[in-house]
file input.pdb (PDB, C-alpha atoms and all ligand atoms)
MODEL        1
ATOM      1  CA  MET G   1      85.090 119.725 101.259
ATOM      2  CA  ALA G   2      86.147 117.333  98.513
ATOM      3  CA  ASP G   3      83.385 116.202  96.128
ATOM      4  CA  SER G   4      85.039 112.833  95.297
ATOM      5  CA  GLN G   5      85.967 114.096  91.802
ATOM      6  CA  ARG G   6      88.699 116.036  93.595
ATOM      7  CA  LEU G   7      90.444 114.666  96.678
ATOM      8  CA  PRO G   8      92.888 116.260  99.169
ATOM      9  CA  VAL G   9      96.285 114.718  98.528
ATOM     10  CA  VAL G  10      99.302 114.787 100.834
ATOM     11  CA  GLU G  11     101.634 113.199  98.300
ATOM     12  CA  THR G  12     101.958 110.719  95.475
ATOM     13  CA  PHE G  13     105.133 108.756  94.891
ATOM     14  CA  HIS G  14     106.535 105.678  93.184
ATOM     15  CA  SER G  15     108.544 103.507  95.559
ATOM     16  CA  LEU G  16     108.610 100.030  97.064
ATOM     17  CA  GLN G  17     105.902  98.727  99.341
ATOM     18  CA  GLY G  18     107.607  98.456 102.724
ATOM     19  CA  GLU G  19     105.112  96.461 104.768
ATOM     20  CA  GLY G  20     103.077  93.277 104.821
ATOM     21  CA  HIS G  21     102.582  90.597 102.183
ATOM     22  CA  HIS G  22     103.578  92.796  99.213
ATOM     23  CA  ALA G  23     106.722  94.227 100.836
ATOM     24  CA  GLY G  24     109.565  94.732  98.387
ATOM     25  CA  ARG G  25     107.348  95.240  95.305
ATOM     26  CA  SER G  26     107.238  98.338  93.140
ATOM     27  CA  ALA G  27     104.139 100.422  93.852
ATOM     28  CA  PHE G  28     102.597 103.825  93.215
ATOM     29  CA  PHE G  29     101.271 105.434  96.394
ATOM     30  CA  ILE G  30      98.448 107.947  96.704
ATOM     31  CA  ARG G  31      98.373 109.361 100.231
ATOM     32  CA  LEU G  32      95.062 111.127 100.837
ATOM     33  CA  ALA G  33      94.697 113.774 103.533
ATOM     34  CA  GLY G  34      92.275 113.595 106.437
ATOM     35  CA  CYS G  35      92.212 111.332 109.490
ATOM     36  CA  THR G  36      90.182 111.621 112.693
ATOM     37  CA  VAL G  37      91.316 108.326 114.252
ATOM     38  CA  GLY G  38      94.052 110.013 116.268
ATOM     39  CA  CYS G  39      96.631 107.302 117.021
ATOM     40  CA  SER G  40      99.185 108.735 119.462
ATOM     41  CA  TRP G  41     102.062 106.977 117.674
ATOM     42  CA  CYS G  42     100.963 107.954 114.152
ATOM     43  CA  ASP G  43     103.928 108.628 111.848
ATOM     44  CA  THR G  44     101.857 110.627 109.340
ATOM     45  CA  LYS G  45     100.289 113.239 111.626
ATOM     46  CA  HIS G  46     100.811 115.820 108.890
ATOM     47  CA  SER G  47      98.072 113.967 106.982
ATOM     48  CA  TRP G  48      95.389 114.465 109.671
ATOM     49  CA  PRO G  49      93.860 117.759 108.462
ATOM     50  CA  SER G  50      92.205 117.725 105.051
ATOM     51  CA  GLN G  51      92.604 121.485 104.820
ATOM     52  CA  GLY G  52      95.968 122.737 103.693
ATOM     53  CA  HIS G  53      96.481 119.883 101.252
ATOM     54  CA  PRO G  54      95.668 120.594  97.614
ATOM     55  CA  GLU G  55      92.551 118.979  96.199
ATOM     56  CA  GLN G  56      93.574 117.155  93.055
ATOM     57  CA  PRO G  57      91.262 115.965  90.261
ATOM     58  CA  ILE G  58      90.935 112.179  90.255
ATOM     59  CA  ASP G  59      91.807 112.168  86.540
ATOM     60  CA  ALA G  60      95.193 113.740  87.340
ATOM     61  CA  LEU G  61      95.809 111.050  89.959
ATOM     62  CA  ALA G  62      94.895 108.353  87.444
ATOM     63  CA  ASP G  63      97.263 109.914  84.890
ATOM     64  CA  ALA G  64     100.078 109.891  87.449
ATOM     65  CA  ALA G  65      99.351 106.222  88.213
ATOM     66  CA  GLN G  66      99.421 105.460  84.493
ATOM     67  CA  MET G  67     102.877 107.047  84.219
ATOM     68  CA  ALA G  68     104.066 105.049  87.239
ATOM     69  CA  ALA G  69     102.756 101.865  85.619
ATOM     70  CA  LYS G  70     104.870 102.642  82.535
ATOM     71  CA  ALA G  71     107.850 103.197  84.865
ATOM     72  CA  GLY G  72     107.413  99.776  86.500
ATOM     73  CA  ALA G  73     104.871 100.089  89.320
ATOM     74  CA  SER G  74     103.048  96.790  89.849
ATOM     75  CA  PHE G  75     100.090  98.128  91.795
ATOM     76  CA  VAL G  76      98.567 101.284  93.261
ATOM     77  CA  VAL G  77      98.273 101.778  97.032
ATOM     78  CA  ILE G  78      95.653 104.200  98.311
ATOM     79  CA  THR G  79      96.615 105.187 101.825
ATOM     80  CA  GLY G  80      96.425 108.142 104.191
ATOM     81  CA  GLY G  81      95.452 109.527 106.503
ATOM     82  CA  GLU G  82      92.307 107.444 106.567
ATOM     83  CA  PRO G  83      91.351 107.071 102.901
ATOM     84  CA  LEU G  84      87.849 105.755 103.610
ATOM     85  CA  HIS G  85      86.876 109.116 105.116
ATOM     86  CA  HIS G  86      86.363 109.869 101.392
ATOM     87  CA  ASN G  87      84.157 108.222  98.802
ATOM     88  CA  LEU G  88      86.728 106.267  96.809
ATOM     89  CA  GLN G  89      84.380 104.986  94.121
ATOM     90  CA  PRO G  90      85.158 107.701  91.515
ATOM     91  CA  LEU G  91      88.919 107.427  92.135
ATOM     92  CA  THR G  92      89.055 103.630  91.776
ATOM     93  CA  GLN G  93      86.856 103.877  88.685
ATOM     94  CA  ALA G  94      89.253 106.397  87.124
ATOM     95  CA  LEU G  95      92.275 104.264  88.064
ATOM     96  CA  ASP G  96      90.666 101.169  86.557
ATOM     97  CA  ALA G  97      89.904 103.047  83.357
ATOM     98  CA  ARG G  98      93.331 104.702  82.937
ATOM     99  CA  CYS G  99      96.072 102.518  84.381
ATOM    100  CA  GLY G 100      94.616  99.038  84.893
ATOM    101  CA  LEU G 101      96.936  98.177  87.788
ATOM    102  CA  PRO G 102      95.674  96.189  90.793
ATOM    103  CA  LEU G 103      94.358  98.550  93.459
ATOM    104  CA  HIS G 104      95.357  98.174  97.095
ATOM    105  CA  LEU G 105      93.808  99.945 100.079
ATOM    106  CA  GLU G 106      95.334 100.567 103.512
ATOM    107  CA  THR G 107      92.687 101.464 106.061
ATOM    108  CA  SER G 108      91.867 101.421 109.752
ATOM    109  CA  GLY G 109      88.349 100.301 108.819
ATOM    110  CA  VAL G 110      86.372 102.907 110.762
ATOM    111  CA  ASP G 111      84.268 103.905 107.725
ATOM    112  CA  PRO G 112      82.260 101.787 105.282
ATOM    113  CA  LEU G 113      84.112 100.514 102.238
ATOM    114  CA  SER G 114      83.791 102.515  99.032
ATOM    115  CA  GLY G 115      85.509 101.810  95.716
ATOM    116  CA  ARG G 116      86.704  98.581  94.110
ATOM    117  CA  PHE G 117      89.871  97.000  95.450
ATOM    118  CA  ASP G 118      91.943  93.929  94.648
ATOM    119  CA  TRP G 119      93.691  93.916  98.022
ATOM    120  CA  ILE G 120      92.600  95.388 101.343
ATOM    121  CA  THR G 121      95.047  95.762 104.211
ATOM    122  CA  LEU G 122      93.110  96.371 107.400
ATOM    123  CA  SER G 123      95.154  97.970 110.170
ATOM    124  CA  PRO G 124      92.628  98.252 113.008
ATOM    125  CA  LYS G 125      93.127 100.434 116.068
ATOM    126  CA  ARG G 126      92.266  99.387 119.608
ATOM    127  CA  HIS G 127      90.803 102.768 120.569
ATOM    128  CA  GLN G 128      88.543 102.860 117.498
ATOM    129  CA  PRO G 129      87.796  99.297 116.297
ATOM    130  CA  PRO G 130      86.901  98.612 112.668
ATOM    131  CA  LEU G 131      83.525  97.919 111.102
ATOM    132  CA  GLN G 132      82.669  94.244 110.613
ATOM    133  CA  GLY G 133      82.238  94.940 106.890
ATOM    134  CA  LEU G 134      85.971  95.607 106.589
ATOM    135  CA  LEU G 135      86.927  92.578 108.676
ATOM    136  CA  ASP G 136      84.839  90.502 106.262
ATOM    137  CA  ARG G 137      86.581  91.943 103.176
ATOM    138  CA  MET G 138      90.262  92.208 104.178
ATOM    139  CA  GLN G 139      92.966  90.136 102.478
ATOM    140  CA  GLU G 140      95.511  91.142 105.113
ATOM    141  CA  LEU G 141      95.239  92.052 108.789
ATOM    142  CA  LYS G 142      98.108  94.167 110.096
ATOM    143  CA  VAL G 143      98.162  95.081 113.763
ATOM    144  CA  VAL G 144     100.750  97.477 115.188
ATOM    145  CA  VAL G 145     102.156  96.282 118.520
ATOM    146  CA  HIS G 146     103.324  98.491 121.378
ATOM    147  CA  ALA G 147     101.907  96.714 124.443
ATOM    148  CA  PRO G 148     100.533  93.312 125.522
ATOM    149  CA  GLU G 149      96.947  94.555 125.036
ATOM    150  CA  ASP G 150      97.696  94.913 121.323
ATOM    151  CA  LEU G 151      98.272  91.167 121.067
ATOM    152  CA  HIS G 152      94.879  90.396 122.666
ATOM    153  CA  PHE G 153      93.299  92.858 120.271
ATOM    154  CA  ALA G 154      95.146  91.309 117.311
ATOM    155  CA  ASP G 155      93.902  87.819 118.164
ATOM    156  CA  ALA G 156      90.339  89.129 118.576
ATOM    157  CA  MET G 157      90.496  90.855 115.183
ATOM    158  CA  ALA G 158      91.866  87.713 113.524
ATOM    159  CA  GLN G 159      89.043  85.706 115.079
ATOM    160  CA  ALA G 160      86.411  88.184 113.916
ATOM    161  CA  GLY G 161      87.799  88.540 110.382
ATOM    162  CA  GLN G 162      87.461  86.415 107.295
ATOM    163  CA  ALA G 163      89.265  83.101 107.613
ATOM    164  CA  GLU G 164      91.548  83.338 104.550
ATOM    165  CA  ALA G 165      93.124  86.675 105.516
ATOM    166  CA  LEU G 166      96.865  86.822 106.184
ATOM    167  CA  HIS G 167      97.822  87.965 109.676
ATOM    168  CA  TYR G 168     100.732  90.319 110.350
ATOM    169  CA  LEU G 169     102.053  91.829 113.554
ATOM    170  CA  GLN G 170     104.072  94.981 113.039
ATOM    171  CA  PRO G 171     106.161  96.301 115.944
ATOM    172  CA  GLY G 172     105.658  99.995 116.567
ATOM    173  CA  TRP G 173     108.567 101.990 115.165
ATOM    174  CA  ASP G 174     111.024 102.778 117.984
ATOM    175  CA  SER G 175     109.198 100.403 120.353
ATOM    176  CA  PRO G 176     111.597  97.801 121.804
ATOM    177  CA  GLU G 177     108.707  96.340 123.850
ATOM    178  CA  GLY G 178     106.574  96.067 120.722
ATOM    179  CA  GLN G 179     109.398  94.308 118.889
ATOM    180  CA  GLN G 180     109.873  91.785 121.674
ATOM    181  CA  LEU G 181     106.146  91.119 122.043
ATOM    182  CA  ALA G 182     105.583  90.711 118.300
ATOM    183  CA  ILE G 183     108.561  88.377 117.841
ATOM    184  CA  GLU G 184     107.510  86.156 120.749
ATOM    185  CA  HIS G 185     103.876  86.051 119.632
ATOM    186  CA  VAL G 186     104.819  85.031 116.091
ATOM    187  CA  ARG G 187     107.282  82.460 117.435
ATOM    188  CA  HIS G 188     104.521  80.739 119.390
ATOM    189  CA  ASN G 189     101.594  81.386 117.016
ATOM    190  CA  PRO G 190     102.510  80.365 113.466
ATOM    191  CA  THR G 191      99.352  81.799 111.884
ATOM    192  CA  TRP G 192     100.926  85.212 112.529
ATOM    193  CA  ARG G 193     103.812  86.675 110.521
ATOM    194  CA  LEU G 194     106.114  89.574 111.336
ATOM    195  CA  SER G 195     105.857  92.757 109.248
ATOM    196  CA  LEU G 196     108.779  95.165 109.368
ATOM    197  CA  GLN G 197     108.676  98.655 107.918
ATOM    198  CA  ALA G 198     111.461  97.930 105.426
ATOM    199  CA  HIS G 199     111.257 101.384 103.853
ATOM    200  CA  LYS G 200     112.094 102.992 107.211
ATOM    201  CA  TRP G 201     114.980 100.648 107.869
ATOM    202  CA  LEU G 202     116.311 101.477 104.388
ATOM    203  CA  GLY G 203     115.623 105.191 104.756
ATOM    204  CA  VAL G 204     113.462 105.374 101.611
ATOM    205  CA  ARG G 205     109.874 106.577 101.223
TER
HETATM  206 FE1  LIG N   1      97.713 107.865 111.713
HETATM  207 FE2  LIG N   1      96.583 105.827 110.384
HETATM  208 FE3  LIG N   1      96.054 106.201 113.015
HETATM  209 FE4  LIG N   1      95.106 107.901 111.165
HETATM  210  S1  LIG N   1      94.580 105.718 111.398
HETATM  211  S2  LIG N   1      96.051 108.439 113.140
HETATM  212  S3  LIG N   1      96.785 107.974 109.685
HETATM  213  S4  LIG N   1      98.050 105.649 112.097
ENDMDL
END
call {"tool": "encode", "arguments": {"input": "input.pdb", "output": "C-alpha cells", "more": "lines below"}}
Ligand code: SF4
result
Amino acid sequence: MADSQRLPVVETFHSLQGEGHHAGRSAFFIRLAGCTVGCSWCDTKHSWPSQGHPEQPIDALADAAQMAAKAGASFVVITGGEPLHHNLQPLTQALDARCGLPLHLETSGVDPLSGRFDWITLSPKRHQPPLQGLLDRMQELKVVVHAPEDLHFADAMAQAGQAEALHYLQPGWDSPEGQQLAIEHVRHNPTWRLSLQAHKWLGVR
C-alpha cells in the first residue's frame, strides 16, 4: 500500500493534452495506478490494479516534472486510474516546491479531494456518481457519451455543479451513437462544447 510519499505509477510522459479546454497544449502527465470505478469502456484498464506498478517516490516524480518544464511543458496533469484513491497532498506539495507549473487533476470524483490544484477536470460516471465536493470545485465538466442516458446525466451534473465550470461532451471512442448524440446535443445546447480525443486521432500518447 502506498504511503503517499511513494505512489504506484503506470507511466509518466511529456506530450500534448488531447482533451477538453486545454487540448493542444504541452503537458507532463503522471498516470497513477489504481481504479475501482470499473467503467466498461475504460481505455486504461491496465491502470486498474495498484499492484504490479512500481511505487515511485514523489520527489522523483517532481524531478521528472521539473525536467519536463525545462523541455516546454506548460502544466502537469495528474490522471489515472482514479488519482483521488490516493492522498495527493504530498505529491502536489512536492510538485509546487520543485517545478512550479500549474497542476491539473483528472478525476471521476468518487473520493474526497486531496492536494492543491489549479484546474480540476471532473469526468463523472453514471454508475458511480461524484461527490458534491468535487462538483463544487471543478473548472471543467467532461462527460463521456455512449447513450441517450449519458446526456440526461450530463445535464444533471452541469446543474449540480458550480456555475462557472466549462461543460464538455466527449463521444466514447469508437461509438458512432455517442458521436451523433454529442454533436446534436451541443448543436442545440450552446452551453456545451464538444471534446474530441485529439491524441487518439493523431495516434500520439
Ligand atoms: Fe477507467 Fe477512469 Fe472509469 Fe477508472 S474512472 S474505470 S480509469 S474511465
call {"tool": "atom_distance", "arguments": {"input": "input.pdb", "atom1": "CA of Thr92 in chain G", "atom2": "CA of Gly115 in chain G"}}
result
5.6 Å
call {"tool": "closest_residue", "arguments": {"input": "input.pdb", "among": "G:Val144, G:Ile30, G:Ala68, G:Leu7", "to": "Glu55 in chain G", "atoms": "all atoms listed in the file"}}
result
G:Leu7
call {"tool": "closest_atom_pairs", "arguments": {"input": "input.pdb", "of": "chain G", "to": "ligand LIG 1 (chain N)", "cutoff": "12 Å", "atoms": "all atoms listed in the file", "output": "JSON lines"}}
result
{"residue": "G:Val10", "atom": "CA", "partner": "N:LIG1", "partner_atom": "S3", "distance": 11.4}
{"residue": "G:Arg31", "atom": "CA", "partner": "N:LIG1", "partner_atom": "S3", "distance": 9.7}
{"residue": "G:Leu32", "atom": "CA", "partner": "N:LIG1", "partner_atom": "S3", "distance": 9.5}
{"residue": "G:Ala33", "atom": "CA", "partner": "N:LIG1", "partner_atom": "S3", "distance": 8.7}
{"residue": "G:Gly34", "atom": "CA", "partner": "N:LIG1", "partner_atom": "S3", "distance": 7.9}
{"residue": "G:Cys35", "atom": "CA", "partner": "N:LIG1", "partner_atom": "FE4", "distance": 4.8}
{"residue": "G:Thr36", "atom": "CA", "partner": "N:LIG1", "partner_atom": "FE4", "distance": 6.4}
{"residue": "G:Val37", "atom": "CA", "partner": "N:LIG1", "partner_atom": "S2", "distance": 4.9}
{"residue": "G:Gly38", "atom": "CA", "partner": "N:LIG1", "partner_atom": "S2", "distance": 4.0}
{"residue": "G:Cys39", "atom": "CA", "partner": "N:LIG1", "partner_atom": "S2", "distance": 4.1}
{"residue": "G:Ser40", "atom": "CA", "partner": "N:LIG1", "partner_atom": "S2", "distance": 7.1}
{"residue": "G:Trp41", "atom": "CA", "partner": "N:LIG1", "partner_atom": "S4", "distance": 7.0}
{"residue": "G:Cys42", "atom": "CA", "partner": "N:LIG1", "partner_atom": "FE1", "distance": 4.1}
{"residue": "G:Asp43", "atom": "CA", "partner": "N:LIG1", "partner_atom": "FE1", "distance": 6.3}
{"residue": "G:Thr44", "atom": "CA", "partner": "N:LIG1", "partner_atom": "FE1", "distance": 5.5}
{"residue": "G:Lys45", "atom": "CA", "partner": "N:LIG1", "partner_atom": "FE1", "distance": 6.0}
{"residue": "G:His46", "atom": "CA", "partner": "N:LIG1", "partner_atom": "S3", "distance": 8.9}
{"residue": "G:Ser47", "atom": "CA", "partner": "N:LIG1", "partner_atom": "S3", "distance": 6.7}
{"residue": "G:Trp48", "atom": "CA", "partner": "N:LIG1", "partner_atom": "S3", "distance": 6.6}
{"residue": "G:Pro49", "atom": "CA", "partner": "N:LIG1", "partner_atom": "S3", "distance": 10.3}
{"residue": "G:Ser50", "atom": "CA", "partner": "N:LIG1", "partner_atom": "S3", "distance": 11.7}
{"residue": "G:Thr79", "atom": "CA", "partner": "N:LIG1", "partner_atom": "S3", "distance": 8.3}
{"residue": "G:Gly80", "atom": "CA", "partner": "N:LIG1", "partner_atom": "S3", "distance": 5.5}
{"residue": "G:Gly81", "atom": "CA", "partner": "N:LIG1", "partner_atom": "S3", "distance": 3.8}
{"residue": "G:Glu82", "atom": "CA", "partner": "N:LIG1", "partner_atom": "FE4", "distance": 5.4}
{"residue": "G:Pro83", "atom": "CA", "partner": "N:LIG1", "partner_atom": "S3", "distance": 8.7}
{"residue": "G:Leu84", "atom": "CA", "partner": "N:LIG1", "partner_atom": "S1", "distance": 10.3}
{"residue": "G:His85", "atom": "CA", "partner": "N:LIG1", "partner_atom": "FE4", "distance": 10.3}
{"residue": "G:Glu106", "atom": "CA", "partner": "N:LIG1", "partner_atom": "FE2", "distance": 8.7}
{"residue": "G:Thr107", "atom": "CA", "partner": "N:LIG1", "partner_atom": "S1", "distance": 7.1}
{"residue": "G:Ser108", "atom": "CA", "partner": "N:LIG1", "partner_atom": "S1", "distance": 5.3}
{"residue": "G:Gly109", "atom": "CA", "partner": "N:LIG1", "partner_atom": "S1", "distance": 8.6}
{"residue": "G:Val110", "atom": "CA", "partner": "N:LIG1", "partner_atom": "S1", "distance": 8.7}
{"residue": "G:Asp111", "atom": "CA", "partner": "N:LIG1", "partner_atom": "S1", "distance": 11.1}
{"residue": "G:Thr121", "atom": "CA", "partner": "N:LIG1", "partner_atom": "FE2", "distance": 11.9}
{"residue": "G:Leu122", "atom": "CA", "partner": "N:LIG1", "partner_atom": "S1", "distance": 10.3}
{"residue": "G:Ser123", "atom": "CA", "partner": "N:LIG1", "partner_atom": "S1", "distance": 7.9}
{"residue": "G:Pro124", "atom": "CA", "partner": "N:LIG1", "partner_atom": "S1", "distance": 7.9}
{"residue": "G:Lys125", "atom": "CA", "partner": "N:LIG1", "partner_atom": "FE3", "distance": 7.2}
{"residue": "G:Arg126", "atom": "CA", "partner": "N:LIG1", "partner_atom": "FE3", "distance": 10.2}
{"residue": "G:His127", "atom": "CA", "partner": "N:LIG1", "partner_atom": "FE3", "distance": 9.8}
{"residue": "G:Gln128", "atom": "CA", "partner": "N:LIG1", "partner_atom": "S1", "distance": 9.0}
{"residue": "G:Pro129", "atom": "CA", "partner": "N:LIG1", "partner_atom": "S1", "distance": 10.5}
{"residue": "G:Pro130", "atom": "CA", "partner": "N:LIG1", "partner_atom": "S1", "distance": 10.5}
{"residue": "G:Lys142", "atom": "CA", "partner": "N:LIG1", "partner_atom": "S4", "distance": 11.7}
{"residue": "G:Val143", "atom": "CA", "partner": "N:LIG1", "partner_atom": "S4", "distance": 10.7}
{"residue": "G:Val144", "atom": "CA", "partner": "N:LIG1", "partner_atom": "S4", "distance": 9.1}
{"residue": "G:Gly172", "atom": "CA", "partner": "N:LIG1", "partner_atom": "S4", "distance": 10.5}
{"residue": "G:Trp173", "atom": "CA", "partner": "N:LIG1", "partner_atom": "S4", "distance": 11.6}
call {"tool": "atom_distance", "arguments": {"input": "input.pdb", "atom1": "CA of Gly203 in chain G", "atom2": "CA of Ala60 in chain G"}}
result
28.2 Å
call {"tool": "atom_distance", "arguments": {"input": "input.pdb", "atom1": "CA of Leu61 in chain G", "atom2": "CA of Ala198 in chain G"}}
result
25.6 Å
call {"tool": "resolve_selection", "arguments": {"input": "input.pdb", "expression": "the PyMOL selection byres (((chain G and resi 120) around 6) and not hetatm)", "output": "count of residues only"}}
result
6
call {"tool": "closest_residue", "arguments": {"input": "input.pdb", "among": "G:Arg25, G:His14, G:Lys70, G:Arg6", "to": "Gln89 in chain G", "atoms": "all atoms listed in the file"}}
result
G:Arg6
call {"tool": "closest_residue", "arguments": {"input": "input.pdb", "among": "G:Gln5, G:Gly178, G:Gln170, G:Val145", "to": "Ala94 in chain G", "atoms": "only C-alpha atoms"}}
result
G:Gln5
call {"tool": "resolve_selection", "arguments": {"input": "input.pdb", "expression": "the PyMOL selection byres (((chain G and resi 93) around 12) and not hetatm)", "output": "list in words"}}
result
Ser4, Gln5, Ile58, Asp59, Leu61, Ala62, Asn87, Leu88, Gln89, Pro90, Leu91, Thr92, Ala94, Leu95, Asp96, Ala97, Arg98, Cys99, Gly100, Leu101, Pro102, Leu103, Ser114, Gly115, Arg116 and Phe117 of chain G
call {"tool": "closest_residue", "arguments": {"input": "input.pdb", "among": "G:Gly24, G:Leu181, G:Phe13, G:Gln159", "to": "Ala64 in chain G", "atoms": "all atoms listed in the file"}}
result
G:Phe13
call {"tool": "residues_around", "arguments": {"input": "input.pdb", "residues": "range 187-192 of chain G", "least_positions_apart": "5", "cutoff": "9 Å", "atoms": "only C-alpha atoms", "output": "list in words"}}
result
Leu166, His167, Tyr168, Leu169 and Ala182 of chain G
call {"tool": "axis_aligned_box", "arguments": {"input": "input.pdb", "around": "range 25-44 of chain G", "padding_each_side": "5 Å", "output": "lines of an AutoDock Vina configuration file"}}
result
center_x = 98.8
center_y = 104.5
center_z = 106.3
size_x = 27.2
size_y = 28.5
size_z = 36.3
call {"tool": "closest_residue", "arguments": {"input": "input.pdb", "among": "G:Val9, G:Ala156, G:Leu16, G:Leu131", "to": "His53 in chain G", "atoms": "all atoms listed in the file"}}
result
G:Val9
call {"tool": "closest_residue", "arguments": {"input": "input.pdb", "among": "G:Pro176, G:Pro8, G:Pro112, G:Gly18", "to": "Gln197 in chain G", "atoms": "only C-alpha atoms"}}
result
G:Gly18
call {"tool": "residues_around", "arguments": {"input": "input.pdb", "residues": "Ala69 in chain G", "least_positions_apart": "4", "cutoff": "8 Å", "atoms": "all atoms listed in the file", "output": "list of chain:residue names"}}
result
G:Phe28, G:Ala65, G:Ala73, G:Ser74, G:Phe75, G:Cys99, G:Leu101
call {"tool": "residues_around", "arguments": {"input": "input.pdb", "residues": "Ala160 in chain G", "least_positions_apart": "5", "cutoff": "9 Å", "atoms": "all atoms listed in the file", "output": "list in words"}}
result
Gln132, Leu135, Asp136 and Asp155 of chain G
call {"tool": "build_atoms", "arguments": {"input": "input.pdb", "residues": "range 150-157 of chain G", "atoms": "all heavy atoms", "output": "mmCIF file, keeping the file's coordinate frame"}}
result
data_model
loop_
_atom_site.group_PDB
_atom_site.id
_atom_site.type_symbol
_atom_site.label_atom_id
_atom_site.label_comp_id
_atom_site.auth_asym_id
_atom_site.auth_seq_id
_atom_site.Cartn_x
_atom_site.Cartn_y
_atom_site.Cartn_z
ATOM 1 N N ASP G 150 97.795 94.935 122.791
ATOM 2 C CA ASP G 150 97.696 94.913 121.323
ATOM 3 C C ASP G 150 97.647 93.477 120.801
ATOM 4 O O ASP G 150 97.038 93.213 119.760
ATOM 5 C CB ASP G 150 98.882 95.665 120.697
ATOM 6 C CG ASP G 150 98.863 97.141 121.048
ATOM 7 O OD1 ASP G 150 97.764 97.725 121.093
ATOM 8 O OD2 ASP G 150 99.948 97.708 121.281
ATOM 9 N N LEU G 151 98.297 92.566 121.503
ATOM 10 C CA LEU G 151 98.272 91.167 121.067
ATOM 11 C C LEU G 151 96.889 90.563 121.288
ATOM 12 O O LEU G 151 96.380 89.819 120.440
ATOM 13 C CB LEU G 151 99.326 90.354 121.816
ATOM 14 C CG LEU G 151 100.781 90.774 121.582
ATOM 15 C CD1 LEU G 151 101.721 89.919 122.425
ATOM 16 C CD2 LEU G 151 101.149 90.668 120.100
ATOM 17 N N HIS G 152 96.246 90.883 122.422
ATOM 18 C CA HIS G 152 94.879 90.396 122.666
ATOM 19 C C HIS G 152 93.949 90.946 121.597
ATOM 20 O O HIS G 152 93.090 90.240 121.071
ATOM 21 C CB HIS G 152 94.389 90.826 124.059
ATOM 22 C CG HIS G 152 95.296 90.374 125.174
ATOM 23 N ND1 HIS G 152 95.768 89.087 125.276
ATOM 24 C CD2 HIS G 152 95.815 91.041 126.239
ATOM 25 C CE1 HIS G 152 96.557 88.979 126.335
ATOM 26 N NE2 HIS G 152 96.597 90.153 126.941
ATOM 27 N N PHE G 153 94.121 92.219 121.297
ATOM 28 C CA PHE G 153 93.299 92.858 120.271
ATOM 29 C C PHE G 153 93.544 92.188 118.915
ATOM 30 O O PHE G 153 92.596 91.901 118.158
ATOM 31 C CB PHE G 153 93.643 94.348 120.214
ATOM 32 C CG PHE G 153 92.926 95.117 119.140
ATOM 33 C CD1 PHE G 153 91.545 95.290 119.177
ATOM 34 C CD2 PHE G 153 93.635 95.685 118.090
ATOM 35 C CE1 PHE G 153 90.892 96.002 118.178
ATOM 36 C CE2 PHE G 153 92.991 96.409 117.097
ATOM 37 C CZ PHE G 153 91.612 96.564 117.146
ATOM 38 N N ALA G 154 94.807 91.933 118.596
ATOM 39 C CA ALA G 154 95.146 91.309 117.311
ATOM 40 C C ALA G 154 94.470 89.947 117.180
ATOM 41 O O ALA G 154 93.875 89.627 116.136
ATOM 42 C CB ALA G 154 96.668 91.158 117.195
ATOM 43 N N ASP G 155 94.532 89.147 118.225
ATOM 44 C CA ASP G 155 93.902 87.819 118.164
ATOM 45 C C ASP G 155 92.388 87.949 118.002
ATOM 46 O O ASP G 155 91.763 87.177 117.270
ATOM 47 C CB ASP G 155 94.244 87.021 119.424
ATOM 48 C CG ASP G 155 95.687 86.514 119.406
ATOM 49 O OD1 ASP G 155 96.233 86.304 118.294
ATOM 50 O OD2 ASP G 155 96.277 86.345 120.482
ATOM 51 N N ALA G 156 91.791 88.924 118.692
ATOM 52 C CA ALA G 156 90.339 89.129 118.576
ATOM 53 C C ALA G 156 89.962 89.548 117.160
ATOM 54 O O ALA G 156 88.955 89.089 116.599
ATOM 55 C CB ALA G 156 89.866 90.181 119.584
ATOM 56 N N MET G 157 90.766 90.404 116.559
ATOM 57 C CA MET G 157 90.496 90.855 115.183
ATOM 58 C C MET G 157 90.636 89.689 114.192
ATOM 59 O O MET G 157 89.856 89.547 113.258
ATOM 60 C CB MET G 157 91.453 91.993 114.802
ATOM 61 C CG MET G 157 91.234 93.301 115.540
ATOM 62 S SD MET G 157 89.648 94.106 115.130
ATOM 63 C CE MET G 157 88.618 93.542 116.457
#
